[in-house]
Amino acid sequence: MDSSSSSLESCPSFSPSSPEYSDSTPRGSAAAASPSSSAISRALHLVKSENPESKVEAAREIRRLAKTSQRCRRLLAHAVPHLVSMLRVRDSADCHEAALLALLNLAVKDERNKSSIVEAGALEPITNFLQSSDPNLQEHATAALLTLSASTSNKPIITNSGAIPLLVQILRNGSPQAKMDSVMALSNLSTHSNNASTILKTHPIPPILALLKSSKTSSRTAEKCCALIESLMEFDDGRAALTSEEGGILAVVEVVETGSLSSREHAVGALLSLCQSDRCRYREPILREGVIPGLLELTVQGTPKSRVKAQTLLRLLRESPYPRSELQPDTLENIVCNIISQIDGDEQSGKAKKMLAEMVQVSMEQSLRHLQRRALVCTPGDLAD
């Protein structure tokens, strides 16, 4: 899932209150669009100053200059060590906040700056800020870890810094913004080998589900919650934790029904991992939450990966997981009919039958369009054959 990490580099969450976008300078202004070399030189000069107020002023200017300009991020890379040193100044909230936000903007979409920030020793003070009593500082530190964790080379270093338990603690008790950034950072980190098992040791499933239930199923937060859940379903403890939480499977099923394409892919993947690990144990709990309509829709309208996952899960959910005889072809339609016959409740059965009819109709229309396209490109020589 490293590909998902790269899409997070320019956020924490794309909200107007996020650090990159909270600067008062209009995004379309001439200063933001084409910063002068003199402004860059002045900022680099001031950040080296021994005067604390000058350093804070420089950090704020670096933040502004780097907010929208990749060129400025490159030219201001020399400021990284000085900004990291500002994170270590004792009892200076202004200094910490200004430096954190400047580093955050320098790291956005710049792999070299991400690496140099970590190499300069920023992780120790940043992880300390995760435990700050200042909620703003907690938010900025979480956002910084989210951006830094998008870099593959940084993931093991962040894990070794002890950040994972602190991010899970933020996920439990942080501000709404910090919780969203935390689950995205954890999702990034989970893609590195052995990190998923490290995350699981912190008992993250309850706070992940709480955040998922409070988020829109189509949101990026829901997508990252489901991606993280899917990673954790590789382990017995993760599966047990999800199914022991009231409404845990239902929360995932609801994303299968109404989430974004990416969210639904992760959600159906999580359910498939459950069923593949122990079909006898998890088949009934999954069916009970009314998953069939969502799976049917995915077989037609999902991403290529989610289509395969949905069809595989449907086969596992039927009464017998094994193929029928040659006299009864193992089509998706008869698999679903087999499942529908076992569903309790008229409403759920009715929904599934309606979805099945629609699925068959769409399949027929797609086949007809395919035949029409072939007819358009068919040549007399083809007909002679």
# chains A, B, ... in the order shown; residues from 1 in each chain; ligands from 1
>>> closest_atom_pairs(of="range 175-204 of chain A", to="range 151-156 of chain A", cutoff="9 Å", atoms="only C-alpha atoms", output="JSON lines")
{"residue": "A:Asn188", "atom": "CA", "partner": "A:Lys155", "partner_atom": "CA", "distance": 8.0}
{"residue": "A:Leu189", "atom": "CA", "partner": "A:Lys155", "partner_atom": "CA", "distance": 5.7}
{"residue": "A:Ser190", "atom": "CA", "partner": "A:Lys155", "partner_atom": "CA", "distance": 8.8}
{"residue": "A:Thr191", "atom": "CA", "partner": "A:Lys155", "partner_atom": "CA", "distance": 8.7}
{"residue": "A:His192", "atom": "CA", "partner": "A:Lys155", "partner_atom": "CA", "distance": 6.7}
{"residue": "A:Ser193", "atom": "CA", "partner": "A:Pro156", "partner_atom": "CA", "distance": 8.6}
{"residue": "A:Asn195", "atom": "CA", "partner": "A:Pro156", "partner_atom": "CA", "distance": 8.1}
>>> write_last_selection(atoms="all heavy atoms", output="short mmCIF file (atom, residue, chain, number, x, y, z; two decimals), in the first residue's frame")
data_model
loop_
_atom_site.label_atom_id
_atom_site.label_comp_id
_atom_site.auth_asym_id
_atom_site.auth_seq_id
_atom_site.Cartn_x
_atom_site.Cartn_y
_atom_site.Cartn_z
N ASN A 188 0.15 4.68 6.76
CA ASN A 188 1.42 4.76 6.03
C ASN A 188 2.44 3.79 6.61
O ASN A 188 3.10 3.04 5.90
CB ASN A 188 1.99 6.18 6.11
CG ASN A 188 1.35 7.13 5.12
OD1 ASN A 188 0.56 6.73 4.28
ND2 ASN A 188 1.68 8.40 5.24
N LEU A 189 2.58 3.81 7.94
CA LEU A 189 3.59 2.99 8.60
C LEU A 189 3.29 1.50 8.50
O LEU A 189 4.20 0.68 8.47
CB LEU A 189 3.71 3.40 10.08
CG LEU A 189 4.24 4.81 10.34
CD1 LEU A 189 4.12 5.15 11.82
CD2 LEU A 189 5.69 4.94 9.88
N SER A 190 2.01 1.15 8.41
CA SER A 190 1.62 -0.27 8.39
C SER A 190 2.09 -0.98 7.13
O SER A 190 2.13 -2.22 7.10
CB SER A 190 0.10 -0.40 8.51
OG SER A 190 -0.55 -0.01 7.32
N THR A 191 2.45 -0.23 6.09
CA THR A 191 2.87 -0.86 4.84
C THR A 191 4.31 -1.36 4.89
O THR A 191 4.74 -2.08 4.00
CB THR A 191 2.73 0.12 3.66
OG1 THR A 191 3.63 1.22 3.85
CG2 THR A 191 1.30 0.65 3.56
N HIS A 192 5.05 -0.97 5.92
CA HIS A 192 6.43 -1.44 6.05
C HIS A 192 6.45 -2.77 6.79
O HIS A 192 5.64 -3.00 7.70
CB HIS A 192 7.28 -0.41 6.80
CG HIS A 192 8.74 -0.77 6.86
ND1 HIS A 192 9.57 -0.64 5.77
CD2 HIS A 192 9.51 -1.26 7.86
CE1 HIS A 192 10.79 -1.02 6.10
NE2 HIS A 192 10.77 -1.41 7.37
N SER A 193 7.37 -3.65 6.42
CA SER A 193 7.41 -4.99 7.00
C SER A 193 7.47 -4.95 8.52
O SER A 193 8.23 -4.17 9.10
CB SER A 193 8.63 -5.75 6.46
OG SER A 193 9.83 -5.07 6.80
N ASN A 195 5.62 -3.72 10.65
CA ASN A 195 5.00 -2.60 11.36
C ASN A 195 3.56 -2.90 11.76
O ASN A 195 3.08 -2.42 12.79
CB ASN A 195 5.06 -1.32 10.52
CG ASN A 195 6.35 -0.56 10.74
OD1 ASN A 195 7.21 -0.98 11.50
ND2 ASN A 195 6.49 0.56 10.06
#
>>> residues_around(residues="range 278-280 of chain A", least_positions_apart="3", cutoff="8 Å", atoms="only C-alpha atoms", output="mmCIF file with N, CA and C atoms, in the first residue's frame")
data_model
loop_
_atom_site.group_PDB
_atom_site.id
_atom_site.type_symbol
_atom_site.label_atom_id
_atom_site.label_comp_id
_atom_site.auth_asym_id
_atom_site.auth_seq_id
_atom_site.Cartn_x
_atom_site.Cartn_y
_atom_site.Cartn_z
ATOM 1 N N LEU A 274 -10.927 -12.120 6.802
ATOM 2 C CA LEU A 274 -11.653 -12.808 7.883
ATOM 3 C C LEU A 274 -12.123 -14.176 7.423
ATOM 4 N N CYS A 275 -12.837 -14.188 6.303
ATOM 5 C CA CYS A 275 -13.477 -15.412 5.833
ATOM 6 C C CYS A 275 -12.443 -16.442 5.374
ATOM 7 N N ARG A 283 -18.204 -16.639 8.607
ATOM 8 C CA ARG A 283 -19.193 -16.561 7.532
ATOM 9 C C ARG A 283 -20.521 -15.987 8.034
ATOM 10 N N GLU A 284 -21.057 -16.556 9.101
ATOM 11 C CA GLU A 284 -22.364 -16.112 9.602
ATOM 12 C C GLU A 284 -22.344 -14.663 10.099
ATOM 13 N N LEU A 316 -17.069 -17.808 -0.921
ATOM 14 C CA LEU A 316 -16.843 -18.318 0.424
ATOM 15 C C LEU A 316 -18.093 -18.222 1.299
ATOM 16 N N LEU A 317 -18.980 -17.262 0.979
ATOM 17 C CA LEU A 317 -20.161 -17.048 1.808
ATOM 18 C C LEU A 317 -21.319 -17.993 1.478
#
>>> residues_around(residues="range 223-230 of chain A", least_positions_apart="2", cutoff="7 Å", atoms="only C-alpha atoms", output="list in words")
Val183, Met184, Ser187, Ser190, Ile208, Leu212, Ser219, Arg220, Thr221, Leu232, Met233, Ser262, Ser263, His266, Ala267, Gly269 and Ala270 of chain A
>>> closest_residue(among="A:Thr159, A:Ser85, A:Ser260, A:Gln138", to="Gly121 in chain A", atoms="only C-alpha atoms")
A:Ser85
>>> closest_residue(among="A:Val80, A:Leu123, A:Leu137, A:Ile40", to="Ala93 in chain A", atoms="only C-alpha atoms")
A:Leu137
>>> closest_residue(among="A:Ala99, A:Val84, A:Leu76, A:Ile249", to="Val56 in chain A", atoms="only C-alpha atoms")
A:Ala99
>>> residues_around(residues="Leu314 in chain A", least_positions_apart="2", cutoff="8 Å", atoms="only C-alpha atoms", output="list of chain:residue names")
A:Ile292, A:Leu295, A:Ala310, A:Gln311, A:Thr312, A:Leu316, A:Leu317, A:Arg318, A:Ile335, A:Val336
>>> residues_around(residues="Gly162 in chain A", least_positions_apart="6", cutoff="12 Å", atoms="only C-alpha atoms", output="MDAnalysis selection string")
chainID A and resid 123:128 130 145 155:156 168:169 195 198:199 202
>>> write_last_selection(atoms="C-alpha atoms", output="mmCIF file, in the first residue's frame")
data_model
loop_
_atom_site.group_PDB
_atom_site.id
_atom_site.type_symbol
_atom_site.label_atom_id
_atom_site.label_comp_id
_atom_site.auth_asym_id
_atom_site.auth_seq_id
_atom_site.Cartn_x
_atom_site.Cartn_y
_atom_site.Cartn_z
ATOM 1 C CA LEU A 123 11.949 12.722 15.369
ATOM 2 C CA GLU A 124 12.917 12.906 19.046
ATOM 3 C CA PRO A 125 11.413 16.361 19.708
ATOM 4 C CA ILE A 126 8.443 15.654 17.415
ATOM 5 C CA THR A 127 7.528 12.467 19.287
ATOM 6 C CA ASN A 128 7.903 14.372 22.547
ATOM 7 C CA LEU A 130 2.870 14.112 20.769
ATOM 8 C CA LEU A 145 4.726 12.582 11.319
ATOM 9 C CA LYS A 155 9.126 4.354 8.004
ATOM 10 C CA PRO A 156 11.476 2.044 9.920
ATOM 11 C CA VAL A 168 -2.367 5.280 18.835
ATOM 12 C CA GLN A 169 -2.735 7.296 22.024
ATOM 13 C CA ASN A 195 5.003 -2.602 11.363
ATOM 14 C CA THR A 198 3.917 -3.585 16.024
ATOM 15 C CA ILE A 199 0.786 -1.459 15.626
ATOM 16 C CA THR A 202 -0.971 -1.253 20.973
#
>>> residues_around(residues="Ile158 in chain A", least_positions_apart="5", cutoff="8 Å", atoms="only C-alpha atoms", output="count of residues only")
4
>>> select_by_dssp(residues="range 75-294 of chain A", states="alpha helix (DSSP H)", output="PyMOL selection string")
chain A and resi 75+80-87+93-107+111-119+123-129+135-148+155-160+163-173+176-190+195-200+205-214+220-232+236-244+248-258+261-277+279-288+292-294
